[in-house]
>>> print(open('protein-v8.pdb').read())   # PDB, C-alpha atoms
ATOM      1  CA  MET U   1       1.229 -22.295 -16.188  1.00  0.00           C
ATOM      2  CA  LYS U   2       0.103 -19.322 -14.110  1.00  0.00           C
ATOM      3  CA  ASN U   3       2.490 -16.520 -13.279  1.00  0.00           C
ATOM      4  CA  TYR U   4       2.832 -15.220  -9.741  1.00  0.00           C
ATOM      5  CA  CYS U   5       1.324 -12.356  -7.806  1.00  0.00           C
ATOM      6  CA  LEU U   6       3.459 -11.007  -4.959  1.00  0.00           C
ATOM      7  CA  ILE U   7       1.587  -9.374  -2.077  1.00  0.00           C
ATOM      8  CA  THR U   8       3.210  -7.764   0.962  1.00  0.00           C
ATOM      9  CA  GLY U   9       1.262  -7.156   4.148  1.00  0.00           C
ATOM     10  CA  ALA U  10      -0.831 -10.175   3.153  1.00  0.00           C
ATOM     11  CA  SER U  11      -1.809 -11.502   6.567  1.00  0.00           C
ATOM     12  CA  SER U  12      -4.785  -9.186   7.151  1.00  0.00           C
ATOM     13  CA  GLY U  13      -6.913  -6.359   5.798  1.00  0.00           C
ATOM     14  CA  MET U  14      -6.533  -5.371   2.175  1.00  0.00           C
ATOM     15  CA  GLY U  15      -3.511  -7.610   1.637  1.00  0.00           C
ATOM     16  CA  LYS U  16      -5.558 -10.635   2.618  1.00  0.00           C
ATOM     17  CA  ASP U  17      -8.451  -9.560   0.394  1.00  0.00           C
ATOM     18  CA  PHE U  18      -6.112  -8.973  -2.559  1.00  0.00           C
ATOM     19  CA  ALA U  19      -4.898 -12.553  -2.111  1.00  0.00           C
ATOM     20  CA  LYS U  20      -8.433 -13.947  -2.069  1.00  0.00           C
ATOM     21  CA  ARG U  21      -9.465 -11.904  -5.086  1.00  0.00           C
ATOM     22  CA  LEU U  22      -6.400 -12.719  -7.230  1.00  0.00           C
ATOM     23  CA  ALA U  23      -6.037 -16.396  -6.314  1.00  0.00           C
ATOM     24  CA  SER U  24      -8.189 -17.503  -9.246  1.00  0.00           C
ATOM     25  CA  LYS U  25      -5.831 -15.915 -11.775  1.00  0.00           C
ATOM     26  CA  TYR U  26      -2.324 -16.242 -10.280  1.00  0.00           C
ATOM     27  CA  ASN U  27      -0.166 -18.347  -8.060  1.00  0.00           C
ATOM     28  CA  LEU U  28       0.589 -16.303  -4.957  1.00  0.00           C
ATOM     29  CA  ILE U  29       3.639 -15.258  -2.976  1.00  0.00           C
ATOM     30  CA  LEU U  30       2.374 -13.888   0.328  1.00  0.00           C
ATOM     31  CA  VAL U  31       4.609 -11.839   2.609  1.00  0.00           C
ATOM     32  CA  ALA U  32       3.942 -10.735   6.196  1.00  0.00           C
ATOM     33  CA  ARG U  33       5.418 -10.998   9.665  1.00  0.00           C
ATOM     34  CA  ARG U  34       2.795 -13.352  11.125  1.00  0.00           C
ATOM     35  CA  GLU U  35       3.283 -16.918   9.879  1.00  0.00           C
ATOM     36  CA  ASP U  36       0.176 -18.276  11.597  1.00  0.00           C
ATOM     37  CA  ARG U  37      -2.038 -15.801   9.729  1.00  0.00           C
ATOM     38  CA  LEU U  38      -0.385 -16.644   6.412  1.00  0.00           C
ATOM     39  CA  LEU U  39      -0.791 -20.391   6.962  1.00  0.00           C
ATOM     40  CA  GLU U  40      -4.457 -19.892   7.806  1.00  0.00           C
ATOM     41  CA  LEU U  41      -4.957 -17.867   4.631  1.00  0.00           C
ATOM     42  CA  LYS U  42      -3.069 -20.439   2.545  1.00  0.00           C
ATOM     43  CA  ARG U  43      -5.554 -23.128   3.614  1.00  0.00           C
ATOM     44  CA  GLU U  44      -8.411 -21.000   2.268  1.00  0.00           C
ATOM     45  CA  LEU U  45      -6.969 -20.478  -1.212  1.00  0.00           C
ATOM     46  CA  ASP U  46      -7.297 -22.796  -4.182  1.00  0.00           C
ATOM     47  CA  THR U  47      -3.983 -22.034  -5.885  1.00  0.00           C
ATOM     48  CA  GLU U  48      -0.266 -22.484  -5.284  1.00  0.00           C
ATOM     49  CA  VAL U  49       0.690 -20.306  -2.320  1.00  0.00           C
ATOM     50  CA  ILE U  50       4.273 -19.574  -1.272  1.00  0.00           C
ATOM     51  CA  ILE U  51       4.649 -18.041   2.186  1.00  0.00           C
ATOM     52  CA  LYS U  52       7.518 -15.748   3.146  1.00  0.00           C
ATOM     53  CA  CYS U  53       7.698 -14.329   6.665  1.00  0.00           C
ATOM     54  CA  ALA U  54       9.620 -11.072   6.856  1.00  0.00           C
ATOM     55  CA  ASP U  55       9.853  -7.885   8.868  1.00  0.00           C
ATOM     56  CA  LEU U  56      10.260  -5.385   6.035  1.00  0.00           C
ATOM     57  CA  SER U  57      11.519  -2.631   8.316  1.00  0.00           C
ATOM     58  CA  LYS U  58      14.947  -4.313   8.078  1.00  0.00           C
ATOM     59  CA  CYS U  59      16.904  -4.058   4.806  1.00  0.00           C
ATOM     60  CA  ASP U  60      18.565  -7.437   5.301  1.00  0.00           C
ATOM     61  CA  ASN U  61      15.118  -9.050   5.341  1.00  0.00           C
ATOM     62  CA  ILE U  62      14.174  -7.289   2.098  1.00  0.00           C
ATOM     63  CA  ASP U  63      17.321  -8.616   0.405  1.00  0.00           C
ATOM     64  CA  ALA U  64      16.622 -12.126   1.737  1.00  0.00           C
ATOM     65  CA  LEU U  65      13.031 -11.946   0.520  1.00  0.00           C
ATOM     66  CA  TYR U  66      14.047 -10.908  -2.975  1.00  0.00           C
ATOM     67  CA  ASN U  67      16.710 -13.606  -3.214  1.00  0.00           C
ATOM     68  CA  ALA U  68      14.060 -16.161  -2.229  1.00  0.00           C
ATOM     69  CA  ILE U  69      11.566 -15.096  -4.919  1.00  0.00           C
ATOM     70  CA  LYS U  70      13.739 -13.877  -7.786  1.00  0.00           C
ATOM     71  CA  ASP U  71      13.358 -17.074  -9.809  1.00  0.00           C
ATOM     72  CA  TYR U  72       9.552 -16.834  -9.950  1.00  0.00           C
ATOM     73  CA  LYS U  73       7.769 -15.083 -12.834  1.00  0.00           C
ATOM     74  CA  ILE U  74       6.002 -12.217 -11.081  1.00  0.00           C
ATOM     75  CA  GLU U  75       3.253 -10.568 -13.132  1.00  0.00           C
ATOM     76  CA  VAL U  76       1.521  -8.589 -10.378  1.00  0.00           C
ATOM     77  CA  PHE U  77       3.049  -6.903  -7.339  1.00  0.00           C
ATOM     78  CA  ILE U  78       0.740  -5.486  -4.667  1.00  0.00           C
ATOM     79  CA  ASN U  79       3.081  -3.323  -2.557  1.00  0.00           C
ATOM     80  CA  ASN U  80       0.774  -3.166   0.425  1.00  0.00           C
ATOM     81  CA  ALA U  81       2.851  -3.453   3.620  1.00  0.00           C
ATOM     82  CA  GLY U  82       2.632  -0.382   5.829  1.00  0.00           C
ATOM     83  CA  PHE U  83       1.153   1.038   8.986  1.00  0.00           C
ATOM     84  CA  GLY U  84       0.304   4.324  10.662  1.00  0.00           C
ATOM     85  CA  LEU U  85       0.843   6.074  13.976  1.00  0.00           C
ATOM     86  CA  ALA U  86      -1.022   8.940  15.585  1.00  0.00           C
ATOM     87  CA  GLY U  87      -0.349  11.408  18.356  1.00  0.00           C
ATOM     88  CA  ASP U  88       1.331  14.658  19.284  1.00  0.00           C
ATOM     89  CA  ILE U  89       4.787  14.868  17.667  1.00  0.00           C
ATOM     90  CA  LEU U  90       6.327  15.714  21.049  1.00  0.00           C
ATOM     91  CA  GLU U  91       4.933  12.556  22.623  1.00  0.00           C
ATOM     92  CA  THR U  92       5.030   9.814  19.991  1.00  0.00           C
ATOM     93  CA  ASP U  93       7.629   7.028  20.106  1.00  0.00           C
ATOM     94  CA  ILE U  94      10.453   7.897  17.706  1.00  0.00           C
ATOM     95  CA  ASN U  95      11.502   4.248  17.341  1.00  0.00           C
ATOM     96  CA  LYS U  96       8.030   3.298  16.107  1.00  0.00           C
ATOM     97  CA  GLU U  97       8.066   6.311  13.790  1.00  0.00           C
ATOM     98  CA  ILE U  98      11.401   5.289  12.261  1.00  0.00           C
ATOM     99  CA  GLN U  99      10.089   1.744  11.843  1.00  0.00           C
ATOM    100  CA  MET U 100       7.036   3.167  10.039  1.00  0.00           C
ATOM    101  CA  ILE U 101       9.258   5.225   7.730  1.00  0.00           C
ATOM    102  CA  ASP U 102      11.384   2.136   7.025  1.00  0.00           C
ATOM    103  CA  VAL U 103       8.325   0.082   6.028  1.00  0.00           C
ATOM    104  CA  ASN U 104       6.161   2.745   4.339  1.00  0.00           C
ATOM    105  CA  ILE U 105       9.004   4.363   2.386  1.00  0.00           C
ATOM    106  CA  LYS U 106      12.265   2.415   2.339  1.00  0.00           C
ATOM    107  CA  ALA U 107      10.858  -1.097   1.908  1.00  0.00           C
ATOM    108  CA  LEU U 108       8.246   0.075  -0.589  1.00  0.00           C
ATOM    109  CA  TYR U 109      10.874   1.806  -2.721  1.00  0.00           C
ATOM    110  CA  ILE U 110      13.423  -1.017  -2.642  1.00  0.00           C
ATOM    111  CA  LEU U 111      10.828  -3.619  -3.590  1.00  0.00           C
ATOM    112  CA  ASP U 112       9.402  -1.410  -6.346  1.00  0.00           C
ATOM    113  CA  LYS U 113      12.857  -1.029  -7.858  1.00  0.00           C
ATOM    114  CA  LEU U 114      13.755  -4.710  -7.594  1.00  0.00           C
ATOM    115  CA  ILE U 115      10.455  -5.987  -8.980  1.00  0.00           C
ATOM    116  CA  LEU U 116      10.332  -3.453 -11.812  1.00  0.00           C
ATOM    117  CA  LYS U 117      13.845  -4.459 -12.905  1.00  0.00           C
ATOM    118  CA  LYS U 118      12.879  -8.124 -12.629  1.00  0.00           C
ATOM    119  CA  MET U 119       9.759  -7.607 -14.785  1.00  0.00           C
ATOM    120  CA  LYS U 120      11.885  -5.915 -17.424  1.00  0.00           C
ATOM    121  CA  GLU U 121      14.500  -8.697 -17.368  1.00  0.00           C
ATOM    122  CA  ASP U 122      11.773 -11.371 -17.527  1.00  0.00           C
ATOM    123  CA  ASN U 123      10.051  -9.488 -20.379  1.00  0.00           C
ATOM    124  CA  ILE U 124       6.790  -9.378 -18.439  1.00  0.00           C
ATOM    125  CA  LYS U 125       4.409  -6.477 -18.997  1.00  0.00           C
ATOM    126  CA  GLY U 126       3.303  -6.652 -15.398  1.00  0.00           C
ATOM    127  CA  TYR U 127       1.387  -4.604 -12.879  1.00  0.00           C
ATOM    128  CA  VAL U 128       2.750  -2.836  -9.798  1.00  0.00           C
ATOM    129  CA  LEU U 129       0.203  -1.366  -7.394  1.00  0.00           C
ATOM    130  CA  ASN U 130       1.530   0.729  -4.519  1.00  0.00           C
ATOM    131  CA  VAL U 131      -0.908   1.085  -1.651  1.00  0.00           C
ATOM    132  CA  GLY U 132      -0.872   4.716  -0.591  1.00  0.00           C
ATOM    133  CA  SER U 133      -3.667   6.723   0.972  1.00  0.00           C
ATOM    134  CA  VAL U 134      -5.801   9.767   0.345  1.00  0.00           C
ATOM    135  CA  ALA U 135      -3.524  11.201   3.054  1.00  0.00           C
ATOM    136  CA  GLY U 136      -0.775  11.250   0.426  1.00  0.00           C
ATOM    137  CA  ILE U 137      -2.854  13.529  -1.783  1.00  0.00           C
ATOM    138  CA  LEU U 138      -4.005  15.843   1.007  1.00  0.00           C
ATOM    139  CA  ARG U 139      -0.346  15.995   2.137  1.00  0.00           C
ATOM    140  CA  CYS U 140      -0.670  17.611   5.596  1.00  0.00           C
ATOM    141  CA  GLY U 141      -2.145  15.742   8.540  1.00  0.00           C
ATOM    142  CA  PRO U 142      -1.513  17.157  12.011  1.00  0.00           C
ATOM    143  CA  TYR U 143      -1.340  14.468  14.719  1.00  0.00           C
ATOM    144  CA  MET U 144      -0.511  11.932  11.997  1.00  0.00           C
ATOM    145  CA  SER U 145       2.097  14.117  10.297  1.00  0.00           C
ATOM    146  CA  GLN U 146       4.669  11.364   9.885  1.00  0.00           C
ATOM    147  CA  TYR U 147       2.157   8.961   8.334  1.00  0.00           C
ATOM    148  CA  TYR U 148       0.796  11.574   5.919  1.00  0.00           C
ATOM    149  CA  ALA U 149       4.352  12.387   4.857  1.00  0.00           C
ATOM    150  CA  THR U 150       5.131   8.732   4.110  1.00  0.00           C
ATOM    151  CA  LYS U 151       2.030   8.420   1.953  1.00  0.00           C
ATOM    152  CA  SER U 152       2.857  11.657   0.116  1.00  0.00           C
ATOM    153  CA  TYR U 153       6.152   9.974  -0.767  1.00  0.00           C
ATOM    154  CA  VAL U 154       4.299   6.933  -2.121  1.00  0.00           C
ATOM    155  CA  VAL U 155       2.069   9.065  -4.362  1.00  0.00           C
ATOM    156  CA  SER U 156       4.989  11.159  -5.634  1.00  0.00           C
ATOM    157  CA  LEU U 157       7.198   8.135  -6.234  1.00  0.00           C
ATOM    158  CA  THR U 158       4.476   6.288  -8.130  1.00  0.00           C
ATOM    159  CA  LEU U 159       3.690   9.181 -10.461  1.00  0.00           C
ATOM    160  CA  GLY U 160       7.374   9.798 -11.138  1.00  0.00           C
ATOM    161  CA  ILE U 161       8.122   6.162 -11.962  1.00  0.00           C
ATOM    162  CA  ARG U 162       4.988   5.995 -14.070  1.00  0.00           C
ATOM    163  CA  ARG U 163       6.270   8.826 -16.258  1.00  0.00           C
ATOM    164  CA  GLU U 164       9.698   7.207 -16.590  1.00  0.00           C
ATOM    165  CA  LEU U 165       8.128   3.923 -17.714  1.00  0.00           C
ATOM    166  CA  LYS U 166       6.021   5.744 -20.279  1.00  0.00           C
ATOM    167  CA  GLU U 167       8.974   7.675 -21.706  1.00  0.00           C
ATOM    168  CA  ASN U 168      10.961   4.429 -21.912  1.00  0.00           C
ATOM    169  CA  LYS U 169       8.022   2.811 -23.769  1.00  0.00           C
ATOM    170  CA  SER U 170       7.754   0.121 -21.131  1.00  0.00           C
ATOM    171  CA  GLY U 171       4.634  -2.028 -21.035  1.00  0.00           C
ATOM    172  CA  ILE U 172       4.811  -2.249 -17.254  1.00  0.00           C
ATOM    173  CA  TYR U 173       2.023  -0.551 -15.310  1.00  0.00           C
ATOM    174  CA  ILE U 174       2.454   1.228 -11.989  1.00  0.00           C
ATOM    175  CA  GLY U 175      -0.319   2.931 -10.052  1.00  0.00           C
ATOM    176  CA  CYS U 176      -1.203   4.028  -6.547  1.00  0.00           C
ATOM    177  CA  LEU U 177      -4.268   3.048  -4.550  1.00  0.00           C
ATOM    178  CA  CYS U 178      -5.405   5.974  -2.370  1.00  0.00           C
ATOM    179  CA  PRO U 179      -8.207   4.886  -0.055  1.00  0.00           C
ATOM    180  CA  GLY U 180      -9.614   6.781   2.891  1.00  0.00           C
ATOM    181  CA  PRO U 181     -10.725   5.003   6.083  1.00  0.00           C
ATOM    182  CA  VAL U 182     -10.983   1.252   5.488  1.00  0.00           C
ATOM    183  CA  ASN U 183     -12.384  -1.254   7.970  1.00  0.00           C
ATOM    184  CA  THR U 184      -9.156  -3.132   8.749  1.00  0.00           C
ATOM    185  CA  GLU U 185      -6.725  -3.476  11.683  1.00  0.00           C
ATOM    186  CA  PHE U 186      -5.093  -0.175  10.669  1.00  0.00           C
ATOM    187  CA  ASN U 187      -6.721   1.891  13.417  1.00  0.00           C
ATOM    188  CA  ASP U 188      -5.757  -0.637  16.095  1.00  0.00           C
ATOM    189  CA  VAL U 189      -2.100  -0.413  15.085  1.00  0.00           C
ATOM    190  CA  ALA U 190      -2.254   3.372  14.787  1.00  0.00           C
ATOM    191  CA  MET U 191      -4.071   3.545  18.149  1.00  0.00           C
ATOM    192  CA  VAL U 192      -6.925   5.659  16.789  1.00  0.00           C
ATOM    193  CA  SER U 193     -10.601   5.263  16.024  1.00  0.00           C
ATOM    194  CA  PHE U 194     -11.884   6.637  12.732  1.00  0.00           C
ATOM    195  CA  SER U 195     -14.024   9.739  13.090  1.00  0.00           C
ATOM    196  CA  LEU U 196     -15.400   9.044   9.594  1.00  0.00           C
ATOM    197  CA  LYS U 197     -17.152   5.844   8.584  1.00  0.00           C
ATOM    198  CA  GLY U 198     -14.825   3.382   6.892  1.00  0.00           C
ATOM    199  CA  VAL U 199     -15.624   1.283   3.826  1.00  0.00           C
ATOM    200  CA  SER U 200     -15.123  -2.444   3.556  1.00  0.00           C
ATOM    201  CA  SER U 201     -11.734  -3.778   2.545  1.00  0.00           C
ATOM    202  CA  GLU U 202     -13.371  -6.078  -0.014  1.00  0.00           C
ATOM    203  CA  ARG U 203     -15.020  -3.115  -1.748  1.00  0.00           C
ATOM    204  CA  VAL U 204     -11.752  -1.187  -1.965  1.00  0.00           C
ATOM    205  CA  VAL U 205      -9.832  -4.208  -3.264  1.00  0.00           C
ATOM    206  CA  ASN U 206     -12.398  -5.070  -5.946  1.00  0.00           C
ATOM    207  CA  TYR U 207     -12.403  -1.477  -7.165  1.00  0.00           C
ATOM    208  CA  ALA U 208      -8.597  -1.272  -7.084  1.00  0.00           C
ATOM    209  CA  ILE U 209      -8.121  -4.404  -9.172  1.00  0.00           C
ATOM    210  CA  LYS U 210     -10.623  -3.234 -11.777  1.00  0.00           C
ATOM    211  CA  LYS U 211      -8.855   0.137 -12.106  1.00  0.00           C
ATOM    212  CA  MET U 212      -5.402  -1.468 -12.046  1.00  0.00           C
ATOM    213  CA  TYR U 213      -6.231  -3.488 -15.150  1.00  0.00           C
ATOM    214  CA  LYS U 214      -7.479  -0.269 -16.751  1.00  0.00           C
ATOM    215  CA  ARG U 215      -4.041   1.216 -15.924  1.00  0.00           C
ATOM    216  CA  LYS U 216      -5.357   4.062 -13.780  1.00  0.00           C
ATOM    217  CA  ALA U 217      -2.611   6.232 -12.202  1.00  0.00           C
ATOM    218  CA  LEU U 218      -4.292   7.215  -8.916  1.00  0.00           C
ATOM    219  CA  ILE U 219      -7.063   4.928  -7.729  1.00  0.00           C
ATOM    220  CA  VAL U 220      -9.502   6.666  -5.363  1.00  0.00           C
ATOM    221  CA  PRO U 221     -12.257   4.230  -4.403  1.00  0.00           C
ATOM    222  CA  THR U 222     -15.203   6.400  -3.301  1.00  0.00           C
ATOM    223  CA  PHE U 223     -17.052   9.385  -4.740  1.00  0.00           C
ATOM    224  CA  SER U 224     -16.762  11.340  -1.481  1.00  0.00           C
ATOM    225  CA  LEU U 225     -12.962  11.064  -1.610  1.00  0.00           C
ATOM    226  CA  LYS U 226     -12.899  12.114  -5.252  1.00  0.00           C
ATOM    227  CA  LEU U 227     -14.968  15.157  -4.262  1.00  0.00           C
ATOM    228  CA  LEU U 228     -12.603  15.920  -1.381  1.00  0.00           C
ATOM    229  CA  ILE U 229      -9.591  15.778  -3.702  1.00  0.00           C
ATOM    230  CA  PHE U 230     -11.328  18.040  -6.223  1.00  0.00           C
ATOM    231  CA  PHE U 231     -12.060  20.745  -3.640  1.00  0.00           C
ATOM    232  CA  ARG U 232      -8.601  20.377  -2.072  1.00  0.00           C
ATOM    233  CA  ARG U 233      -7.167  22.545  -4.892  1.00  0.00           C
ATOM    234  CA  PHE U 234      -9.263  25.487  -3.725  1.00  0.00           C
ATOM    235  CA  ILE U 235      -8.233  25.250  -0.040  1.00  0.00           C
ATOM    236  CA  SER U 236      -5.099  26.780   1.444  1.00  0.00           C
ATOM    237  CA  ASN U 237      -2.622  24.479   3.188  1.00  0.00           C
ATOM    238  CA  ASN U 238      -3.145  26.359   6.446  1.00  0.00           C
ATOM    239  CA  PHE U 239      -6.924  25.962   6.393  1.00  0.00           C
ATOM    240  CA  LEU U 240      -6.669  22.313   5.360  1.00  0.00           C
ATOM    241  CA  ALA U 241      -4.240  21.602   8.217  1.00  0.00           C
ATOM    242  CA  LYS U 242      -6.714  23.156  10.657  1.00  0.00           C
ATOM    243  CA  ILE U 243      -9.592  20.998   9.389  1.00  0.00           C
ATOM    244  CA  VAL U 244      -7.524  17.811   9.353  1.00  0.00           C
ATOM    245  CA  ALA U 245      -6.235  18.533  12.869  1.00  0.00           C
ATOM    246  CA  MET U 246      -9.822  18.681  14.126  1.00  0.00           C
ATOM    247  CA  GLN U 247     -10.569  15.284  12.578  1.00  0.00           C
ATOM    248  CA  GLN U 248      -7.377  13.699  13.920  1.00  0.00           C
ATOM    249  CA  LYS U 249      -8.142  14.898  17.439  1.00  0.00           C
ATOM    250  CA  LYS U 250     -11.480  13.102  17.216  1.00  0.00           C
ATOM    251  CA  LYS U 251      -9.624   9.914  16.301  1.00  0.00           C
ATOM    252  CA  LEU U 252      -7.314  10.246  19.289  1.00  0.00           C
ATOM    253  CA  SER U 253     -10.222  10.747  21.655  1.00  0.00           C
TER     254      SER U 253
END
>>> encode(input="protein-v8.pdb", output="structure tokens")
Amino acid sequence: MKNYCLITGASSGMGKDFAKRLASKYNLILVARREDRLLELKRELDTEVIIKCADLSKCDNIDALYNAIKDYKIEVFINNAGFGLAGDILETDINKEIQMIDVNIKALYILDKLILKKMKEDNIKGYVLNVGSVAGILRCGPYMSQYYATKSYVVSLTLGIRRELKENKSGIYIGCLCPGPVNTEFNDVAMVSFSLKGVSSERVVNYAIKKMYKRKALIVPTFSLKLLIFFRRFISNNFLAKIVAMQQKKKLS
């Protein structure tokens, strides 16, 4: 009998492509807010698919989700739910920003903790993949400052937990996917247009899964991003913020 793969943010973009790619190996538990999208995806997949609709910005919904899935043997958890916002800090909607923080940070952390404990209790040497962003490695992103900060949290959290698991001699893997621009609905939600060419979601997902099984800590899917991260160590925070601000302004325009 196949174990389960839990995927949040599964109704579109990378979450949807993770579901398609992993359906041959696992039964799936797909989580998102939009039931119609999940039902459409379920019809495409040749495996057992359990659908859970939830707005993960609300803690009560996270608790309800976990209680609904806690009896399933989860071997892989793709912690993918999240979104971004862009704009001048003095003009952006604080309610949307708090909702973003709740999803990108609070929900991600709570689900990581619950699923990691469950894997340990079930004696499953599973895989947890947090979906971050190259923004979390660059750290400062004027005009998307709040989003960059949430993704910095994801990177830091992942690396910290990873070390704890290693010191505790756990067989559970945790890693962080750090893509750059990806051709998904992200820019529509964030109300920006990418100033740099995005890569396909399918390409990022295929690369991420390959590196996840190789237990890579930070998964950066393109050579240009790897190069950017390498040179980041030689650039001052002030100069980097200036360069990133120029790129973000292009997105907003």
>>> residues_near_point(input="protein-v8.pdb", point="(-13.0, -2.4, 6.9)", cutoff="7 Å", atoms="all atoms listed in the file", output="ChimeraX atom specification")
/U:182-184,198-201
>>> resolve_selection(input="protein-v8.pdb", expression="the PyMOL selection byres ((chain U and resi 48-57) around 7)", output="ChimeraX atom specification")
/U:27-35,38,42,47,58-59,61-62,99,102-103,107
>>> residues_near_point(input="protein-v8.pdb", point="(-2.2, -4.8, 3.2)", cutoff="6 Å", atoms="all atoms listed in the file", output="NGL selection string")
:U and (9-10 or 13-15 or 80-81)
>>> closest_residue(input="protein-v8.pdb", among="U:Gly84, U:Arg21, U:Ser12, U:Ile115", to="Leu41 (chain U)", atoms="only C-alpha atoms")
U:Ser12
>>> atom_distance(input="protein-v8.pdb", atom1="CA of Ser152 (chain U)", atom2="CA of Arg203 (chain U)")
23.3 Å
